[in-house]
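Undergrad: This is coords-v6.txt, which holds compact mmCIF, C-alpha atoms:
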```
# COMPACT_ATOMS: atom_id res chain seq x y z
CA MET A 207 145.17 100.83 29.18
CA ILE A 208 147.50 100.69 32.15
CA GLU A 209 148.59 104.17 33.16
CA CYS A 210 151.92 103.45 34.76
CA GLU A 211 154.55 105.42 32.85
CA GLY A 212 156.15 106.38 36.15
CA PHE A 213 156.48 102.73 37.09
CA ILE A 214 158.00 101.71 33.77
CA ASN A 215 160.74 104.32 34.21
CA LEU A 216 161.65 103.12 37.70
CA THR A 217 165.14 101.65 37.78
CA ILE A 218 165.32 99.31 40.72
CA SER A 219 168.04 96.91 41.72
CA PHE A 220 166.70 94.37 44.16
CA ASN A 221 170.23 93.48 45.27
CA GLU A 222 171.87 96.84 45.94
CA SER A 223 169.67 98.65 48.44
CA LYS A 224 171.03 98.53 51.97
CA ILE A 225 168.25 100.06 54.03
CA MET A 226 166.04 97.49 55.70
CA CYS A 227 162.67 98.03 57.38
CA MET A 228 160.36 95.11 58.08
CA ASP A 229 161.94 91.79 57.17
CA GLY A 230 162.66 91.88 53.43
CA LEU A 231 161.36 95.39 52.67
CA ARG A 232 164.04 97.52 51.03
CA ILE A 233 163.82 101.28 50.52
CA GLU A 234 164.91 102.12 46.97
CA ASN A 235 164.13 105.80 46.61
CA VAL A 236 162.80 108.69 48.69
CA VAL A 237 161.31 111.67 46.84
CA ALA A 238 160.93 114.98 48.63
CA SER A 239 159.93 118.53 47.71
CA SER A 240 160.82 121.91 49.11
CA SER A 241 161.19 125.58 48.20
CA MET A 242 164.08 127.98 48.60
CA GLY A 243 161.56 130.77 49.19
CA ALA A 244 162.83 133.02 46.43
CA LYS A 245 163.21 133.11 42.67
CA ILE A 246 166.51 131.68 41.40
CA ASP A 247 168.64 132.68 38.41
CA LEU A 248 169.46 129.20 37.13
CA ILE A 249 172.07 130.41 34.66
CA ASP A 250 174.12 132.02 37.43
CA VAL A 251 173.68 128.98 39.66
CA SER A 252 174.80 126.58 36.92
CA LYS A 253 178.02 128.55 36.54
CA ALA A 254 178.67 128.61 40.27
CA LEU A 255 177.83 125.04 41.29
CA ASP A 256 180.14 122.21 40.29
CA GLY A 257 178.19 119.11 39.36
CA SER A 258 175.15 121.01 38.12
CA GLU A 259 173.56 120.76 34.68
CA TYR A 260 171.21 123.26 33.07
CA ASP A 261 169.86 123.36 29.53
CA ARG A 262 166.59 125.26 29.46
CA ASP A 263 165.90 124.09 25.89
CA LYS A 264 165.67 120.50 27.14
CA PHE A 265 164.37 120.86 30.70
CA PRO A 266 163.15 123.88 32.71
CA GLY A 267 165.07 122.94 35.84
CA LEU A 268 168.68 122.74 36.93
CA VAL A 269 169.97 119.30 37.92
CA PHE A 270 172.40 119.10 40.83
CA ARG A 271 173.93 115.78 41.87
CA SER A 272 175.19 115.49 45.41
CA LYS A 273 177.68 112.77 46.33
CA SER A 274 177.08 113.02 50.06
CA PRO A 275 174.31 112.27 50.67
CA LYS A 276 173.90 110.62 47.27
CA THR A 277 170.90 112.45 45.84
CA SER A 278 169.79 114.26 42.71
CA LEU A 279 168.06 117.61 43.07
CA LEU A 280 165.96 119.52 40.57
CA LEU A 281 165.98 123.26 41.14
CA PHE A 282 163.52 125.51 39.31
CA SER A 283 163.58 129.26 38.74
CA SER A 284 160.57 129.61 41.06
CA GLY A 285 162.76 128.30 43.87
CA LYS A 286 160.98 124.97 44.07
CA VAL A 287 163.12 121.88 44.63
CA VAL A 288 162.57 118.17 44.08
CA CYS A 289 165.00 115.74 45.66
CA THR A 290 165.24 112.12 44.55
CA GLY A 291 167.64 109.21 44.96
CA GLY A 292 167.89 109.21 48.75
CA LYS A 293 167.60 105.93 50.64
CA THR A 294 166.14 107.54 53.76
CA SER A 295 164.03 110.57 54.62
CA ASP A 296 167.11 112.01 56.30
CA ASP A 297 169.08 111.70 53.03
CA ALA A 298 166.43 113.73 51.22
CA LYS A 299 166.35 116.44 53.88
CA LYS A 300 170.14 116.68 54.04
CA GLY A 301 170.33 116.85 50.25
CA VAL A 302 168.01 119.87 50.14
CA GLU A 303 169.81 121.52 53.04
CA LYS A 304 173.16 121.02 51.32
CA LEU A 305 171.85 122.70 48.15
CA LYS A 306 170.58 125.63 50.21
CA THR A 307 173.97 126.02 51.89
CA LEU A 308 175.79 125.98 48.55
CA LEU A 309 173.43 128.57 47.10
CA ASN A 310 173.95 130.85 50.10
CA GLU A 311 177.73 130.43 49.87
CA ASN A 312 177.54 131.59 46.26
CA GLY A 313 175.52 134.68 47.07
CA VAL A 314 172.07 133.36 46.23
CA GLU A 315 169.45 134.47 48.72
CA THR A 316 167.00 131.92 50.12
CA SER A 317 164.64 131.69 53.07
CA ASP A 318 166.38 131.24 56.40
CA GLU A 319 164.29 128.16 57.13
CA ILE A 320 163.07 125.69 54.53
CA ASP A 321 160.51 122.93 54.90
CA VAL A 322 161.24 119.57 53.30
CA LYS A 323 158.22 117.33 52.67
CA ILE A 324 158.44 113.63 51.80
CA GLN A 325 156.22 113.02 48.76
CA ASN A 326 156.88 109.39 47.89
CA ILE A 327 158.84 106.41 49.17
CA VAL A 328 159.57 103.56 46.75
CA ALA A 329 160.45 100.16 48.14
CA SER A 330 160.96 96.61 46.89
CA TYR A 331 160.01 93.31 48.43
CA LYS A 332 160.31 89.63 47.52
CA LEU A 333 157.48 87.26 48.34
CA GLY A 334 159.77 84.26 48.08
CA GLN A 335 157.80 82.40 45.41
CA GLU A 336 156.48 82.89 41.90
CA LEU A 337 152.96 84.23 41.36
CA ASN A 338 150.34 83.32 38.79
CA LEU A 339 149.32 86.86 37.90
CA ASN A 340 146.26 85.77 35.94
CA SER A 341 144.92 84.06 39.06
CA VAL A 342 145.87 87.05 41.20
CA ALA A 343 144.03 89.43 38.87
CA ILE A 344 140.85 87.36 38.92
CA THR A 345 140.96 86.73 42.66
CA LEU A 346 141.71 90.27 43.82
CA GLY A 347 139.00 91.73 41.60
CA LEU A 348 139.22 93.76 38.43
CA GLU A 349 138.05 96.90 40.25
CA ARG A 350 141.33 96.91 42.20
CA VAL A 351 143.67 95.46 39.59
CA GLU A 352 145.16 96.51 36.26
CA TYR A 353 146.85 93.70 34.37
CA GLU A 354 147.61 93.82 30.66
CA PRO A 355 150.76 91.67 30.19
CA GLU A 356 151.09 92.58 26.51
CA GLN A 357 151.69 96.19 27.59
CA PHE A 358 153.40 95.83 30.98
CA PRO A 359 154.70 92.66 32.68
CA GLY A 360 153.52 93.62 36.16
CA LEU A 361 150.13 93.64 37.82
CA VAL A 362 149.10 96.99 39.32
CA PHE A 363 147.17 96.65 42.58
CA ARG A 364 145.37 99.54 44.27
CA SER A 365 143.72 98.91 47.61
CA GLU A 366 140.81 100.86 49.07
CA GLU A 367 142.48 100.61 52.48
CA HIS A 368 145.60 102.67 51.71
CA ASP A 369 147.23 104.94 49.10
CA VAL A 370 150.21 102.70 48.37
CA VAL A 371 150.25 101.19 44.87
CA LEU A 372 151.80 97.75 44.50
CA LEU A 373 153.35 96.27 41.37
CA LEU A 374 153.37 92.48 41.51
CA PHE A 375 155.55 90.46 39.15
CA GLY A 376 155.41 86.79 38.25
CA SER A 377 158.83 86.27 39.83
CA GLY A 378 157.35 87.18 43.21
CA SER A 379 159.00 90.60 43.30
CA VAL A 380 156.92 93.54 44.49
CA VAL A 381 157.45 97.27 44.01
CA CYS A 382 155.66 99.59 46.43
CA THR A 383 155.15 103.27 45.72
CA GLY A 384 152.91 106.11 46.87
CA GLY A 385 153.62 105.95 50.59
CA LYS A 386 154.90 108.93 52.55
CA GLU A 387 155.85 106.93 55.63
CA ILE A 388 157.68 103.61 55.85
CA GLN A 389 154.77 102.33 57.93
CA ASP A 390 152.49 102.89 54.92
CA LEU A 391 154.60 100.51 52.82
CA GLU A 392 154.87 97.93 55.57
CA TYR A 393 151.09 97.90 56.01
CA ALA A 394 150.54 97.54 52.26
CA VAL A 395 152.90 94.57 52.00
CA LYS A 396 151.41 92.84 55.03
CA THR A 397 147.91 93.38 53.63
CA ILE A 398 148.62 91.92 50.18
CA LYS A 399 150.43 88.93 51.71
CA LYS A 400 147.45 88.27 53.95
CA GLU A 401 145.03 88.45 51.01
CA LEU A 402 147.12 86.16 48.80
CA LYS A 403 147.56 83.60 51.58
CA LYS A 404 143.85 83.64 52.37
CA VAL A 405 142.99 82.50 48.82
CA GLY A 406 145.87 80.03 48.53
CA LEU A 407 148.00 82.02 46.05
CA LEU A 408 150.86 82.49 48.52
CA HIS A 409 152.26 79.88 50.86
```
Could you show the structure in this file as structure tokens?
TA:
Amino acid sequence: MIECEGFINLTISFNESKIMCMDGLRIENVVASSSMGAKIDLIDVSKALDGSEYDRDKFPGLVFRSKSPKTSLLLFSSGKVVCTGGKTSDDAKKGVEKLKTLLNENGVETSDEIDVKIQNIVASYKLGQELNLNSVAITLGLERVEYEPEQFPGLVFRSEEHDVVLLLFGSGSVVCTGGKEIQDLEYAVKTIKKELKKVGLLH
């Protein structure tokens, strides 16, 4: 059984992202977490903030969508915040800071200083050729690979050298997730390319 529900729900457009790192690596989503340092009355906040959604029968958090920077923030009654949708770490941090400012402007008390931590960076990459995933699975070793095409079209690769998880598709597209620094993703892509070239599966 491939445990990759989070991957299946990823919506990634390989043509729209504008942020470039190493040649061909595109940042698709930056996920960050923070805390406002105080408990929050989500009902009051939902009435005060335009663009917010809150239905505690469906989801315990309030959803706030910011247009600039373009991010989505989940605010919980404990004060905890999750920010997603940013294309850079700076987007995520500015999104959380904007929410804090709006809360303060509407009379909601928060900590004077808040710490924003990057939890996950998702990126996409194109290898430039199609892959035979059956050959990749056998060559890379079953202890590092999960590949069940009848359940999920991608091959899940986990390396012992880093925490980044790679999804390889037959088209040659790659999705990288699990890194907290862009350098983590770059290293993971360079490593898998090197391995595939070494065994003749990538030219």
Undergrad: Counting all atoms listed in the file, what are the residues of segment 224-301 of chain A within 10 Å of segment 378-397 of chain A, and for each of them which pair of atoms is the nearest and at what distance in Å, to one decimal? Sort the table by chain and rising number, as JSON lines.
TA:
```
{"residue": "A:Cys227", "atom": "CA", "partner": "A:Ile388", "partner_atom": "CA", "distance": 7.6}
{"residue": "A:Met228", "atom": "CA", "partner": "A:Glu392", "partner_atom": "CA", "distance": 6.7}
{"residue": "A:Asp229", "atom": "CA", "partner": "A:Glu392", "partner_atom": "CA", "distance": 9.5}
{"residue": "A:Leu231", "atom": "CA", "partner": "A:Glu392", "partner_atom": "CA", "distance": 7.5}
{"residue": "A:Arg232", "atom": "CA", "partner": "A:Val381", "partner_atom": "CA", "distance": 9.6}
{"residue": "A:Ile233", "atom": "CA", "partner": "A:Ile388", "partner_atom": "CA", "distance": 8.5}
{"residue": "A:Glu234", "atom": "CA", "partner": "A:Val381", "partner_atom": "CA", "distance": 9.4}
{"residue": "A:Asn235", "atom": "CA", "partner": "A:Thr383", "partner_atom": "CA", "distance": 9.4}
{"residue": "A:Val236", "atom": "CA", "partner": "A:Lys386", "partner_atom": "CA", "distance": 8.8}
{"residue": "A:Val237", "atom": "CA", "partner": "A:Lys386", "partner_atom": "CA", "distance": 9.0}
{"residue": "A:Ala238", "atom": "CA", "partner": "A:Lys386", "partner_atom": "CA", "distance": 9.4}
{"residue": "A:Thr294", "atom": "CA", "partner": "A:Ile388", "partner_atom": "CA", "distance": 9.6}
{"residue": "A:Ser295", "atom": "CA", "partner": "A:Glu387", "partner_atom": "CA", "distance": 9.0}
```
Undergrad: Convert the current residue selection to file output with C-alpha atoms, as a PDB file, in the coordinates of the input.
TA:
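File produced: result24.pdb:
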```
ATOM      1  CA  CYS A 227     162.670  98.030  57.380  1.00  0.00           C
ATOM      2  CA  MET A 228     160.360  95.110  58.080  1.00  0.00           C
ATOM      3  CA  ASP A 229     161.940  91.790  57.170  1.00  0.00           C
ATOM      4  CA  LEU A 231     161.360  95.390  52.670  1.00  0.00           C
ATOM      5  CA  ARG A 232     164.040  97.520  51.030  1.00  0.00           C
ATOM      6  CA  ILE A 233     163.820 101.280  50.520  1.00  0.00           C
ATOM      7  CA  GLU A 234     164.910 102.120  46.970  1.00  0.00           C
ATOM      8  CA  ASN A 235     164.130 105.800  46.610  1.00  0.00           C
ATOM      9  CA  VAL A 236     162.800 108.690  48.690  1.00  0.00           C
ATOM     10  CA  VAL A 237     161.310 111.670  46.840  1.00  0.00           C
ATOM     11  CA  ALA A 238     160.930 114.980  48.630  1.00  0.00           C
ATOM     12  CA  THR A 294     166.140 107.540  53.760  1.00  0.00           C
ATOM     13  CA  SER A 295     164.030 110.570  54.620  1.00  0.00           C
TER      14      SER A 295
END
```
Undergrad: Give me the box for segment 272-285 of chain A as JSON, namely the centre and edge lengths in Å to one decimal of a box along x, y and z that holds every listed atom plus 3 Å on each side.
TA:
```
{"center_x": 169.1, "center_y": 120.1, "center_z": 44.7, "size_x": 23.1, "size_y": 25.0, "size_z": 17.9}
```
Undergrad: Would you work out the distance separating atom CA of Ser317 of chain A from atom CA of Ser241 of chain A, expressed in Å to one decimal?
TA: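 Atom CA of Ser241 of chain A lies at a distance of 8.5 Å from atom CA of Ser317 of chain A.
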Undergrad: Between atom CA of Phe363 of chain A and atom CA of Thr345 of chain A, what is the distance in Å, rounded to a tenth?
TA: 11.7 Å
Undergrad: Calculate how many Å separate atom CA of Pro266 of chain A from atom CA of Lys299 of chain A, rounding to one decimal.
TA: 22.7 Å
Undergrad: Report as a ChimeraX atom specification all protein, DNA and RNA residues lying within 8 Å of segment 277-287 of chain A, evaluated on all atoms listed in the file, omitting residues in the same chain fewer than 2 positions from it.
TA: /A:239-248,266-275,289-292,297-298,301-302
Undergrad: Which residues are near Asn340 of chain A? Cut-off 12 Å, only C-alpha atoms, ignore same chain within fewer than 2 positions. Put them as a ChimeraX atom specification.
TA: /A:337-338,342-348,351-355,359-361,374-376,407
Undergrad: Take the residues just selected and output them with C-alpha atoms as an mmCIF file, keeping the file's coordinate frame.
TA:
```cif
data_model
loop_
_atom_site.group_PDB
_atom_site.id
_atom_site.type_symbol
_atom_site.label_atom_id
_atom_site.label_comp_id
_atom_site.auth_asym_id
_atom_site.auth_seq_id
_atom_site.Cartn_x
_atom_site.Cartn_y
_atom_site.Cartn_z
ATOM 1 C CA LEU A 337 152.960 84.230 41.360
ATOM 2 C CA ASN A 338 150.340 83.320 38.790
ATOM 3 C CA VAL A 342 145.870 87.050 41.200
ATOM 4 C CA ALA A 343 144.030 89.430 38.870
ATOM 5 C CA ILE A 344 140.850 87.360 38.920
ATOM 6 C CA THR A 345 140.960 86.730 42.660
ATOM 7 C CA LEU A 346 141.710 90.270 43.820
ATOM 8 C CA GLY A 347 139.000 91.730 41.600
ATOM 9 C CA LEU A 348 139.220 93.760 38.430
ATOM 10 C CA VAL A 351 143.670 95.460 39.590
ATOM 11 C CA GLU A 352 145.160 96.510 36.260
ATOM 12 C CA TYR A 353 146.850 93.700 34.370
ATOM 13 C CA GLU A 354 147.610 93.820 30.660
ATOM 14 C CA PRO A 355 150.760 91.670 30.190
ATOM 15 C CA PRO A 359 154.700 92.660 32.680
ATOM 16 C CA GLY A 360 153.520 93.620 36.160
ATOM 17 C CA LEU A 361 150.130 93.640 37.820
ATOM 18 C CA LEU A 374 153.370 92.480 41.510
ATOM 19 C CA PHE A 375 155.550 90.460 39.150
ATOM 20 C CA GLY A 376 155.410 86.790 38.250
ATOM 21 C CA LEU A 407 148.000 82.020 46.050
#
```
Undergrad: List the neighbours of Arg364 of chain A out to 9 Å using only C-alpha atoms; skip same-chain residues closer than 2 positions along the sequence, and give me the result as an mmCIF file with C-alpha atoms, keeping the file's coordinate frame.
TA:
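Below is the file that was written, selection-v9.cif:
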```cif
data_model
loop_
_atom_site.group_PDB
_atom_site.id
_atom_site.type_symbol
_atom_site.label_atom_id
_atom_site.label_comp_id
_atom_site.auth_asym_id
_atom_site.auth_seq_id
_atom_site.Cartn_x
_atom_site.Cartn_y
_atom_site.Cartn_z
ATOM 1 C CA GLU A 349 138.050 96.900 40.250
ATOM 2 C CA ARG A 350 141.330 96.910 42.200
ATOM 3 C CA VAL A 351 143.670 95.460 39.590
ATOM 4 C CA GLU A 352 145.160 96.510 36.260
ATOM 5 C CA VAL A 362 149.100 96.990 39.320
ATOM 6 C CA GLU A 366 140.810 100.860 49.070
ATOM 7 C CA GLU A 367 142.480 100.610 52.480
ATOM 8 C CA HIS A 368 145.600 102.670 51.710
ATOM 9 C CA ASP A 369 147.230 104.940 49.100
ATOM 10 C CA VAL A 370 150.210 102.700 48.370
ATOM 11 C CA VAL A 371 150.250 101.190 44.870
ATOM 12 C CA LEU A 372 151.800 97.750 44.500
#
```
